[in-house]
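S.K.: Structure supplied as final.pdb; contents: PDB, C-alpha atoms, pLDDT in the B column.
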MODEL        1
ATOM      1  CA  MET A  81     -43.733  36.610   5.317  1.00 47.00           C
ATOM      2  CA  ALA A  82     -40.439  35.508   6.863  1.00 67.00           C
ATOM      3  CA  TRP A  83     -38.679  35.807   3.534  1.00 69.00           C
ATOM      4  CA  ARG A  84     -39.631  39.504   3.413  1.00 81.00           C
ATOM      5  CA  TRP A  85     -37.177  39.836   6.273  1.00 82.00           C
ATOM      6  CA  LEU A  86     -34.511  38.580   3.877  1.00 83.00           C
ATOM      7  CA  GLU A  87     -35.449  41.217   1.311  1.00 88.00           C
ATOM      8  CA  ARG A  88     -35.138  43.867   4.020  1.00 90.00           C
ATOM      9  CA  GLU A  89     -31.719  42.534   4.996  1.00 89.00           C
ATOM     10  CA  ASP A  90     -30.680  42.614   1.321  1.00 92.00           C
ATOM     11  CA  ALA A  91     -31.584  46.318   1.205  1.00 94.00           C
ATOM     12  CA  ILE A  92     -29.518  46.991   4.321  1.00 93.00           C
ATOM     13  CA  ARG A  93     -26.610  44.968   2.913  1.00 93.00           C
ATOM     14  CA  ARG A  94     -26.620  47.037  -0.301  1.00 94.00           C
ATOM     15  CA  ARG A  95     -25.999  50.203   1.732  1.00 95.00           C
ATOM     16  CA  VAL A  96     -22.851  48.775   3.334  1.00 94.00           C
ATOM     17  CA  ALA A  97     -19.563  48.858   1.445  1.00 95.00           C
ATOM     18  CA  ALA A  98     -18.528  45.378   0.298  1.00 94.00           C
ATOM     19  CA  GLU A  99     -15.340  45.404   2.373  1.00 94.00           C
ATOM     20  CA  ARG A 100     -17.435  45.945   5.531  1.00 93.00           C
ATOM     21  CA  ARG A 101     -20.164  43.372   4.853  1.00 93.00           C
ATOM     22  CA  PRO A 102     -20.255  40.397   7.190  1.00 93.00           C
ATOM     23  CA  PRO A 103     -20.924  36.932   5.809  1.00 93.00           C
ATOM     24  CA  ARG A 104     -24.504  35.686   5.662  1.00 94.00           C
ATOM     25  CA  SER A 105     -25.126  31.962   5.591  1.00 96.00           C
ATOM     26  CA  ALA A 106     -28.130  29.800   4.909  1.00 96.00           C
ATOM     27  CA  ILE A 107     -28.884  26.248   5.913  1.00 97.00           C
ATOM     28  CA  LEU A 108     -31.734  24.349   4.280  1.00 97.00           C
ATOM     29  CA  PHE A 109     -32.904  21.218   6.073  1.00 97.00           C
ATOM     30  CA  ASP A 110     -35.148  18.475   4.749  1.00 96.00           C
ATOM     31  CA  LEU A 111     -36.326  15.526   6.823  1.00 95.00           C
ATOM     32  CA  ASP A 112     -35.390  12.396   4.920  1.00 96.00           C
ATOM     33  CA  HIS A 113     -38.368  10.411   3.623  1.00 94.00           C
ATOM     34  CA  PHE A 114     -40.755  12.414   5.802  1.00 93.00           C
ATOM     35  CA  GLY A 115     -43.629  11.861   3.365  1.00 92.00           C
ATOM     36  CA  LEU A 116     -43.256   8.117   3.847  1.00 94.00           C
ATOM     37  CA  VAL A 117     -43.437   8.534   7.625  1.00 93.00           C
ATOM     38  CA  ASN A 118     -46.728  10.396   7.253  1.00 91.00           C
ATOM     39  CA  LYS A 119     -48.106   7.814   4.803  1.00 93.00           C
ATOM     40  CA  ARG A 120     -47.039   4.776   6.805  1.00 92.00           C
ATOM     41  CA  TYR A 121     -47.727   5.963  10.352  1.00 91.00           C
ATOM     42  CA  GLY A 122     -50.062   8.942   9.934  1.00 91.00           C
ATOM     43  CA  HIS A 123     -49.748  12.660  10.530  1.00 90.00           C
ATOM     44  CA  GLN A 124     -49.851  12.326  14.322  1.00 91.00           C
ATOM     45  CA  VAL A 125     -46.574  10.416  14.206  1.00 92.00           C
ATOM     46  CA  GLY A 126     -45.258  12.911  11.657  1.00 91.00           C
ATOM     47  CA  ASP A 127     -45.998  15.651  14.180  1.00 91.00           C
ATOM     48  CA  ARG A 128     -44.101  13.650  16.796  1.00 90.00           C
ATOM     49  CA  VAL A 129     -41.102  13.668  14.456  1.00 92.00           C
ATOM     50  CA  LEU A 130     -41.312  17.392  13.757  1.00 91.00           C
ATOM     51  CA  ARG A 131     -41.339  18.421  17.417  1.00 91.00           C
ATOM     52  CA  PRO A 132     -37.893  17.030  18.314  1.00 92.00           C
ATOM     53  CA  PHE A 133     -36.523  18.401  15.055  1.00 93.00           C
ATOM     54  CA  ALA A 134     -37.785  21.880  15.971  1.00 91.00           C
ATOM     55  CA  ASP A 135     -36.359  21.464  19.492  1.00 91.00           C
ATOM     56  CA  THR A 136     -32.998  20.443  18.022  1.00 93.00           C
ATOM     57  CA  LEU A 137     -32.962  23.522  15.782  1.00 92.00           C
ATOM     58  CA  ARG A 138     -33.929  25.787  18.667  1.00 90.00           C
ATOM     59  CA  SER A 139     -31.235  24.408  20.945  1.00 91.00           C
ATOM     60  CA  ARG A 140     -28.474  25.027  18.398  1.00 90.00           C
ATOM     61  CA  GLY A 141     -29.654  28.318  16.947  1.00 87.00           C
ATOM     62  CA  ARG A 142     -29.370  31.951  17.924  1.00 89.00           C
ATOM     63  CA  ALA A 143     -32.292  34.199  18.766  1.00 88.00           C
ATOM     64  CA  SER A 144     -31.243  36.394  15.822  1.00 89.00           C
ATOM     65  CA  ASP A 145     -31.462  33.549  13.268  1.00 90.00           C
ATOM     66  CA  LEU A 146     -34.358  33.562  10.835  1.00 87.00           C
ATOM     67  CA  VAL A 147     -35.995  30.139  10.848  1.00 88.00           C
ATOM     68  CA  ALA A 148     -38.852  29.532   8.424  1.00 87.00           C
ATOM     69  CA  ARG A 149     -40.517  26.865   6.370  1.00 86.00           C
ATOM     70  CA  TYR A 150     -38.924  26.536   2.952  1.00 85.00           C
ATOM     71  CA  GLY A 151     -40.515  24.599   0.139  1.00 77.00           C
ATOM     72  CA  GLY A 152     -42.729  21.635   0.942  1.00 71.00           C
ATOM     73  CA  VAL A 153     -41.469  20.313   4.267  1.00 68.00           C
ATOM     74  CA  GLY A 154     -38.079  21.970   4.305  1.00 86.00           C
ATOM     75  CA  VAL A 155     -36.849  24.410   6.904  1.00 92.00           C
ATOM     76  CA  GLY A 156     -34.516  27.296   6.149  1.00 91.00           C
ATOM     77  CA  VAL A 157     -32.199  29.053   8.583  1.00 94.00           C
ATOM     78  CA  ILE A 158     -30.515  32.365   7.755  1.00 92.00           C
ATOM     79  CA  ARG A 159     -27.566  33.251   9.971  1.00 92.00           C
ATOM     80  CA  GLU A 160     -26.258  36.785   9.709  1.00 89.00           C
ATOM     81  CA  THR A 161     -22.521  37.248  10.432  1.00 91.00           C
ATOM     82  CA  ALA A 162     -21.915  33.516  10.129  1.00 93.00           C
ATOM     83  CA  PRO A 163     -19.216  32.183   7.803  1.00 95.00           C
ATOM     84  CA  ARG A 164     -19.688  28.924   5.877  1.00 95.00           C
ATOM     85  CA  GLU A 165     -17.732  26.906   8.454  1.00 96.00           C
ATOM     86  CA  ALA A 166     -20.024  28.058  11.276  1.00 95.00           C
ATOM     87  CA  ALA A 167     -23.165  27.243   9.298  1.00 96.00           C
ATOM     88  CA  THR A 168     -21.824  23.824   8.361  1.00 97.00           C
ATOM     89  CA  LYS A 169     -20.922  23.104  11.976  1.00 97.00           C
ATOM     90  CA  ILE A 170     -24.432  24.051  13.135  1.00 96.00           C
ATOM     91  CA  ALA A 171     -26.027  21.932  10.400  1.00 97.00           C
ATOM     92  CA  GLU A 172     -23.848  18.953  11.278  1.00 98.00           C
ATOM     93  CA  GLY A 173     -24.726  19.340  14.961  1.00 96.00           C
ATOM     94  CA  VAL A 174     -28.437  19.374  14.150  1.00 96.00           C
ATOM     95  CA  ARG A 175     -28.048  16.379  11.835  1.00 97.00           C
ATOM     96  CA  THR A 176     -26.175  14.198  14.316  1.00 96.00           C
ATOM     97  CA  ALA A 177     -28.363  15.128  17.294  1.00 95.00           C
ATOM     98  CA  PHE A 178     -31.577  14.509  15.376  1.00 95.00           C
ATOM     99  CA  ALA A 179     -30.338  11.157  14.015  1.00 94.00           C
ATOM    100  CA  LYS A 180     -29.938   9.844  17.576  1.00 93.00           C
ATOM    101  CA  GLY A 181     -33.623  10.296  18.370  1.00 88.00           C
ATOM    102  CA  ARG A 182     -36.478   7.861  18.032  1.00 86.00           C
ATOM    103  CA  VAL A 183     -40.183   8.565  18.035  1.00 88.00           C
ATOM    104  CA  GLY A 184     -42.763   5.972  18.959  1.00 81.00           C
ATOM    105  CA  THR A 185     -45.796   5.227  16.830  1.00 79.00           C
ATOM    106  CA  LEU A 186     -49.247   4.860  18.312  1.00 75.00           C
ATOM    107  CA  GLY A 187     -48.521   1.120  18.491  1.00 81.00           C
ATOM    108  CA  GLY A 188     -45.162   1.656  20.160  1.00 81.00           C
ATOM    109  CA  GLU A 189     -42.998   0.861  17.121  1.00 86.00           C
ATOM    110  CA  PRO A 190     -39.930   3.143  17.057  1.00 90.00           C
ATOM    111  CA  VAL A 191     -39.508   5.408  14.028  1.00 91.00           C
ATOM    112  CA  HIS A 192     -35.984   6.529  13.195  1.00 90.00           C
ATOM    113  CA  THR A 193     -35.660   9.596  11.008  1.00 93.00           C
ATOM    114  CA  THR A 194     -32.735  11.569   9.670  1.00 96.00           C
ATOM    115  CA  VAL A 195     -32.226  14.971   8.082  1.00 97.00           C
ATOM    116  CA  SER A 196     -30.211  16.257   5.142  1.00 98.00           C
ATOM    117  CA  ALA A 197     -28.865  19.796   4.946  1.00 98.00           C
ATOM    118  CA  GLY A 198     -27.402  22.159   2.397  1.00 98.00           C
ATOM    119  CA  CYS A 199     -25.314  25.182   3.409  1.00 98.00           C
ATOM    120  CA  ALA A 200     -24.202  28.240   1.479  1.00 97.00           C
ATOM    121  CA  THR A 201     -22.685  31.658   2.236  1.00 97.00           C
ATOM    122  CA  LEU A 202     -22.793  35.034   0.550  1.00 94.00           C
ATOM    123  CA  GLU A 203     -19.380  36.499   0.006  1.00 88.00           C
ATOM    124  CA  ALA A 204     -18.729  40.132   0.905  1.00 88.00           C
ATOM    125  CA  TRP A 205     -19.270  41.352  -2.668  1.00 90.00           C
ATOM    126  CA  GLU A 206     -22.647  39.569  -2.928  1.00 93.00           C
ATOM    127  CA  VAL A 207     -25.989  40.936  -1.757  1.00 92.00           C
ATOM    128  CA  GLU A 208     -28.953  38.879  -2.929  1.00 91.00           C
ATOM    129  CA  GLY A 209     -30.472  36.493  -0.427  1.00 89.00           C
ATOM    130  CA  SER A 210     -32.183  34.709  -3.302  1.00 90.00           C
ATOM    131  CA  GLN A 211     -28.743  33.626  -4.609  1.00 93.00           C
ATOM    132  CA  LEU A 212     -27.893  32.366  -1.160  1.00 94.00           C
ATOM    133  CA  LEU A 213     -31.043  30.246  -1.001  1.00 93.00           C
ATOM    134  CA  GLU A 214     -30.499  28.907  -4.523  1.00 94.00           C
ATOM    135  CA  ARG A 215     -26.991  27.731  -3.596  1.00 96.00           C
ATOM    136  CA  ALA A 216     -28.170  26.187  -0.345  1.00 96.00           C
ATOM    137  CA  ASP A 217     -30.950  24.427  -2.266  1.00 95.00           C
ATOM    138  CA  VAL A 218     -28.399  22.959  -4.703  1.00 97.00           C
ATOM    139  CA  ALA A 219     -26.285  21.793  -1.759  1.00 98.00           C
ATOM    140  CA  LEU A 220     -29.368  20.207  -0.165  1.00 97.00           C
ATOM    141  CA  ALA A 221     -30.157  18.393  -3.414  1.00 97.00           C
ATOM    142  CA  MET A 222     -26.569  17.112  -3.466  1.00 98.00           C
ATOM    143  CA  ALA A 223     -26.941  15.840   0.114  1.00 98.00           C
ATOM    144  CA  LYS A 224     -30.167  14.045  -0.754  1.00 97.00           C
ATOM    145  CA  HIS A 225     -28.837  12.561  -3.989  1.00 97.00           C
ATOM    146  CA  GLY A 226     -25.618  11.581  -2.211  1.00 97.00           C
ATOM    147  CA  GLY A 227     -27.451   9.225   0.125  1.00 97.00           C
ATOM    148  CA  ARG A 228     -29.225  11.562   2.587  1.00 97.00           C
ATOM    149  CA  ASN A 229     -28.423  12.032   6.299  1.00 98.00           C
ATOM    150  CA  GLN A 230     -25.541  14.352   5.478  1.00 98.00           C
ATOM    151  CA  VAL A 231     -24.553  18.000   5.186  1.00 98.00           C
ATOM    152  CA  VAL A 232     -23.206  19.485   1.957  1.00 98.00           C
ATOM    153  CA  ALA A 233     -21.788  23.013   1.703  1.00 97.00           C
ATOM    154  CA  ALA A 234     -21.859  24.837  -1.634  1.00 88.00           C
TER     155      ALA A 234
ENDMDL
END
Could you show the structure in this file as structure tokens?

M.R.:
Amino acid sequence: MAWRWLEREDAIRRRVAAERRPPRSAILFDLDHFGLVNKRYGHQVGDRVLRPFADTLRSRGRASDLVARYGGVGVGVIRETAPREAATKIAEGVRTAFAKGRVGTLGGEPVHTTVSAGCATLEAWEVEGSQLLERADVALAMAKHGGRNQVVAA
């Protein structure tokens, strides 16, 4: 449902002359090895990991940002009027803040988790949000294959 918003924004963007279009950026986040956290500690601990991640996103985002689940456990953020540098800065802020946190298991053992992110931006002559998400997804894959716990901009 949230991605229908993106289709609507694409339609609006098409009606604006290319030279007047603002940048639109996407950030795709994926919690590193989150499946292993769930398998090793259970879904209750996984939920304890997701809450501070959501809080971190909320604290660094704008009310106008679209934030939605993307893929399996990924989270996508669409930022209208945000250039690549701004999106990368936000993603890096989320990554570093989240990496500092620890969540306790039911037995008290601390669980340290990190997040990888991929960023991309539509240029003024581009319209399709699907292209934006594809690029951000490639950047996310590069971050994960490059060792995780990092931000890559495409």

S.K.: If we count all atoms listed in the file, what is near segment 96-104 of chain A at a cut-off of 10 Å, once residues fewer than 2 positions away on the same chain are taken out, given as a PyMOL selection string?

M.R.: chain A and resi 89+91-94+106+158-164+167+200-207+209+212

S.K.: Enumerate, as a PyMOL selection string, the residues matched when the PyMOL selection byres ((chain A and resi 193) around 9) is run on the file above.

M.R.: chain A and resi 111-114+117+129+178-183+191-192+194-195+229

S.K.: Selected residues, C-alpha atoms, written as a short mmCIF file (atom, residue, chain, number, x, y, z; two decimals), in the coordinates of the input, please.

M.R.:
data_model
loop_
_atom_site.label_atom_id
_atom_site.label_comp_id
_atom_site.auth_asym_id
_atom_site.auth_seq_id
_atom_site.Cartn_x
_atom_site.Cartn_y
_atom_site.Cartn_z
CA LEU A 111 -36.33 15.53 6.82
CA ASP A 112 -35.39 12.40 4.92
CA HIS A 113 -38.37 10.41 3.62
CA PHE A 114 -40.76 12.41 5.80
CA VAL A 117 -43.44 8.53 7.62
CA VAL A 129 -41.10 13.67 14.46
CA PHE A 178 -31.58 14.51 15.38
CA ALA A 179 -30.34 11.16 14.02
CA LYS A 180 -29.94 9.84 17.58
CA GLY A 181 -33.62 10.30 18.37
CA ARG A 182 -36.48 7.86 18.03
CA VAL A 183 -40.18 8.56 18.04
CA VAL A 191 -39.51 5.41 14.03
CA HIS A 192 -35.98 6.53 13.20
CA THR A 194 -32.74 11.57 9.67
CA VAL A 195 -32.23 14.97 8.08
CA ASN A 229 -28.42 12.03 6.30
#

S.K.: Measuring atom to atom with only C-alpha atoms, identify which of A:Trp85, A:Met222, A:Glu208, A:Pro132 is nearest to Leu146 of chain A.

M.R.: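 Comparing A:Trp85, A:Met222, A:Glu208, A:Pro132 against Leu146 of chain A, the winner is A:Trp85.
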
S.K.: Kindly give the distance, in Å, that separates atom CA of Ala148 of chain A and atom CA of Gly184 of chain A, rounded to a single decimal.

M.R.: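 We find that atom CA of Ala148 of chain A and atom CA of Gly184 of chain A lie 26.1 Å from each other.
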
S.K.: Which residues come within 6 Å of Gly156 of chain A, counting only C-alpha atoms, excluding same-chain residues fewer than 6 positions away, as a list in words?

M.R.: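 After dropping sequence-adjacent residues, the list is Ile107, Leu108, Val147, Ala148 and Tyr150 of chain A.
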
S.K.: Deliver the residues from the most recent selection as a file, using C-alpha atoms, as a compact mmCIF listing (two decimals), in the coordinates of the input.

M.R.:
# COMPACT_ATOMS: atom_id res chain seq x y z
CA ILE A 107 -28.88 26.25 5.91
CA LEU A 108 -31.73 24.35 4.28
CA VAL A 147 -35.99 30.14 10.85
CA ALA A 148 -38.85 29.53 8.42
CA TYR A 150 -38.92 26.54 2.95

S.K.: Go through A:Leu213, A:Ala197, A:Phe133, A:Leu220 one by one, measure the shortest atom-to-atom distance of each to Ala177 of chain A using only C-alpha atoms, and give the residue with the smallest value.

M.R.: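 Ranked by minimum distance to Ala177 of chain A, first place goes to A:Phe133.
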
S.K.: Given only C-alpha atoms as the basis, pick out the residue of A:Asp135, A:Glu189, A:Asp127, A:Asp217 nearest to Gly151 of chain A.

M.R.: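 Residue with the minimum atom-to-atom distance to Gly151 of chain A: A:Asp217.
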
S.K.: Please provide the set of residues having any atom within 6 Å of Phe109 of chain A, restricted to all atoms listed in the file, with same-chain residues fewer than 4 positions apart removed, written as a ChimeraX atom specification.

M.R.: /A:154-155,196-197

S.K.: Could you tell me which residues the PyMOL selection byres ((chain A and resi 233) around 6) returns for this structure, as a PDB file with C-alpha atoms, in the frame of the given file?

M.R.:
ATOM      1  CA  GLY A 198     -27.402  22.159   2.397  1.00 98.00           C
ATOM      2  CA  CYS A 199     -25.314  25.182   3.409  1.00 98.00           C
ATOM      3  CA  ALA A 200     -24.202  28.240   1.479  1.00 97.00           C
ATOM      4  CA  ALA A 219     -26.285  21.793  -1.759  1.00 98.00           C
ATOM      5  CA  VAL A 232     -23.206  19.485   1.957  1.00 98.00           C
ATOM      6  CA  ALA A 234     -21.859  24.837  -1.634  1.00 88.00           C
TER       7      ALA A 234
END

S.K.: Please put the answer as JSON: centre and edge lengths, in Å with one decimal, of a box along x, y and z that encloses all listed atoms of segment 140-152 of chain A plus 4 Å on each side.

M.R.:
{"center_x": -35.6, "center_y": 29.0, "center_z": 9.5, "size_x": 22.3, "size_y": 22.8, "size_z": 26.6}

S.K.: What's the 9 Å shell around Gln124 of chain A, counting only C-alpha atoms, without same-chain residues fewer than 4 positions away, as a PyMOL selection string?

M.R.: chain A and resi 118+128-129+185-186

S.K.: Please determine, counting all atoms listed in the file, which residue among A:Thr176, A:Gly122, A:Arg215, A:Leu116 has the shortest atom-to-atom distance to Arg140 of chain A.

M.R.: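 Of all the options, A:Thr176 lies closest to Arg140 of chain A.
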
S.K.: Would you mind reading off the distance between atom CA of Arg88 of chain A and atom CA of Val174 of chain A, one decimal, in Å?

M.R.: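 Computing it gives 27.3 Å between the two atoms.
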
S.K.: Return the single residue from A:Thr136, A:Gln211, A:Thr168, A:Ser144 that is closest to Gln230 of chain A, with distances computed using all atoms listed in the file.

M.R.: A:Thr168

S.K.: Between atom CA of Ala223 of chain A and atom CA of Leu86 of chain A, what is the distance, to one decimal in Å?

M.R.: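 Separating atom CA of Ala223 of chain A from atom CA of Leu86 of chain A is a distance of 24.3 Å.
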
S.K.: Choose the residue, out of A:His225, A:Glu87, A:Glu172, A:Gly115, that has the smallest atom-to-atom separation from Leu130 of chain A; count only C-alpha atoms.

M.R.: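 Nearest candidate to Leu130 of chain A out of A:His225, A:Glu87, A:Glu172, A:Gly115: A:Gly115.
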
S.K.: Where atoms are absent from segment 145-156 of chain A, fill them in so it carries all heavy atoms, then output it as a PDB file, in the coordinates of the input.

M.R.:
ATOM      1  N   ASP A 145     -31.320  34.327  14.500  1.00 90.00           N
ATOM      2  CA  ASP A 145     -31.462  33.549  13.268  1.00 90.00           C
ATOM      3  C   ASP A 145     -32.894  33.630  12.753  1.00 90.00           C
ATOM      4  O   ASP A 145     -33.845  33.632  13.537  1.00 90.00           O
ATOM      5  CB  ASP A 145     -31.132  32.074  13.496  1.00 90.00           C
ATOM      6  CG  ASP A 145     -29.672  31.821  13.800  1.00 90.00           C
ATOM      7  OD1 ASP A 145     -28.844  32.720  13.572  1.00 90.00           O
ATOM      8  OD2 ASP A 145     -29.369  30.709  14.276  1.00 90.00           O
ATOM      9  N   LEU A 146     -33.041  33.678  11.450  1.00 87.00           N
ATOM     10  CA  LEU A 146     -34.358  33.562  10.835  1.00 87.00           C
ATOM     11  C   LEU A 146     -34.578  32.085  10.558  1.00 87.00           C
ATOM     12  O   LEU A 146     -33.768  31.448   9.872  1.00 87.00           O
ATOM     13  CB  LEU A 146     -34.425  34.355   9.534  1.00 87.00           C
ATOM     14  CG  LEU A 146     -35.679  34.119   8.688  1.00 87.00           C
ATOM     15  CD1 LEU A 146     -36.910  34.652   9.426  1.00 87.00           C
ATOM     16  CD2 LEU A 146     -35.544  34.751   7.335  1.00 87.00           C
ATOM     17  N   VAL A 147     -35.634  31.535  11.088  1.00 88.00           N
ATOM     18  CA  VAL A 147     -35.995  30.139  10.848  1.00 88.00           C
ATOM     19  C   VAL A 147     -37.395  30.146  10.258  1.00 88.00           C
ATOM     20  O   VAL A 147     -38.321  30.722  10.839  1.00 88.00           O
ATOM     21  CB  VAL A 147     -35.971  29.309  12.151  1.00 88.00           C
ATOM     22  CG1 VAL A 147     -36.364  27.864  11.871  1.00 88.00           C
ATOM     23  CG2 VAL A 147     -34.600  29.381  12.809  1.00 88.00           C
ATOM     24  N   ALA A 148     -37.552  29.524   9.090  1.00 87.00           N
ATOM     25  CA  ALA A 148     -38.852  29.532   8.424  1.00 87.00           C
ATOM     26  C   ALA A 148     -38.993  28.294   7.550  1.00 87.00           C
ATOM     27  O   ALA A 148     -38.003  27.691   7.133  1.00 87.00           O
ATOM     28  CB  ALA A 148     -38.995  30.785   7.567  1.00 87.00           C
ATOM     29  N   ARG A 149     -40.236  27.964   7.281  1.00 86.00           N
ATOM     30  CA  ARG A 149     -40.517  26.865   6.370  1.00 86.00           C
ATOM     31  C   ARG A 149     -40.007  27.247   4.991  1.00 86.00           C
ATOM     32  O   ARG A 149     -40.126  28.405   4.564  1.00 86.00           O
ATOM     33  CB  ARG A 149     -42.015  26.627   6.337  1.00 86.00           C
ATOM     34  CG  ARG A 149     -42.398  25.452   5.501  1.00 86.00           C
ATOM     35  CD  ARG A 149     -43.865  25.187   5.627  1.00 86.00           C
ATOM     36  NE  ARG A 149     -44.237  24.131   4.711  1.00 86.00           N
ATOM     37  CZ  ARG A 149     -45.466  23.795   4.464  1.00 86.00           C
ATOM     38  NH1 ARG A 149     -46.451  24.412   5.078  1.00 86.00           N
ATOM     39  NH2 ARG A 149     -45.726  22.841   3.616  1.00 86.00           N
ATOM     40  N   TYR A 150     -39.447  26.283   4.288  1.00 85.00           N
ATOM     41  CA  TYR A 150     -38.924  26.536   2.952  1.00 85.00           C
ATOM     42  C   TYR A 150     -39.339  25.373   2.060  1.00 85.00           C
ATOM     43  O   TYR A 150     -39.003  24.219   2.346  1.00 85.00           O
ATOM     44  CB  TYR A 150     -37.395  26.667   2.990  1.00 85.00           C
ATOM     45  CG  TYR A 150     -36.801  27.039   1.656  1.00 85.00           C
ATOM     46  CD1 TYR A 150     -36.819  28.356   1.218  1.00 85.00           C
ATOM     47  CD2 TYR A 150     -36.246  26.086   0.828  1.00 85.00           C
ATOM     48  CE1 TYR A 150     -36.291  28.710  -0.009  1.00 85.00           C
ATOM     49  CE2 TYR A 150     -35.711  26.435  -0.401  1.00 85.00           C
ATOM     50  CZ  TYR A 150     -35.740  27.739  -0.815  1.00 85.00           C
ATOM     51  OH  TYR A 150     -35.219  28.098  -2.036  1.00 85.00           O
ATOM     52  N   GLY A 151     -40.059  25.662   1.030  1.00 77.00           N
ATOM     53  CA  GLY A 151     -40.515  24.599   0.139  1.00 77.00           C
ATOM     54  C   GLY A 151     -41.587  23.767   0.808  1.00 77.00           C
ATOM     55  O   GLY A 151     -42.303  24.235   1.694  1.00 77.00           O
ATOM     56  N   GLY A 152     -41.700  22.516   0.411  1.00 71.00           N
ATOM     57  CA  GLY A 152     -42.729  21.635   0.942  1.00 71.00           C
ATOM     58  C   GLY A 152     -42.616  21.406   2.437  1.00 71.00           C
ATOM     59  O   GLY A 152     -43.384  21.941   3.226  1.00 71.00           O
ATOM     60  N   VAL A 153     -41.655  20.593   2.834  1.00 68.00           N
ATOM     61  CA  VAL A 153     -41.469  20.313   4.267  1.00 68.00           C
ATOM     62  C   VAL A 153     -40.087  20.734   4.733  1.00 68.00           C
ATOM     63  O   VAL A 153     -39.646  20.344   5.798  1.00 68.00           O
ATOM     64  CB  VAL A 153     -41.720  18.823   4.598  1.00 68.00           C
ATOM     65  CG1 VAL A 153     -43.164  18.464   4.383  1.00 68.00           C
ATOM     66  CG2 VAL A 153     -40.797  17.923   3.794  1.00 68.00           C
ATOM     67  N   GLY A 154     -39.414  21.516   3.934  1.00 86.00           N
ATOM     68  CA  GLY A 154     -38.079  21.970   4.305  1.00 86.00           C
ATOM     69  C   GLY A 154     -38.122  23.127   5.285  1.00 86.00           C
ATOM     70  O   GLY A 154     -39.126  23.811   5.435  1.00 86.00           O
ATOM     71  N   VAL A 155     -37.005  23.311   5.967  1.00 92.00           N
ATOM     72  CA  VAL A 155     -36.849  24.410   6.904  1.00 92.00           C
ATOM     73  C   VAL A 155     -35.565  25.150   6.549  1.00 92.00           C
ATOM     74  O   VAL A 155     -34.521  24.531   6.355  1.00 92.00           O
ATOM     75  CB  VAL A 155     -36.766  23.897   8.361  1.00 92.00           C
ATOM     76  CG1 VAL A 155     -36.490  25.034   9.320  1.00 92.00           C
ATOM     77  CG2 VAL A 155     -38.049  23.184   8.744  1.00 92.00           C
ATOM     78  N   GLY A 156     -35.673  26.470   6.457  1.00 91.00           N
ATOM     79  CA  GLY A 156     -34.516  27.296   6.149  1.00 91.00           C
ATOM     80  C   GLY A 156     -34.082  28.100   7.357  1.00 91.00           C
ATOM     81  O   GLY A 156     -34.917  28.546   8.147  1.00 91.00           O
TER      82      GLY A 156
END
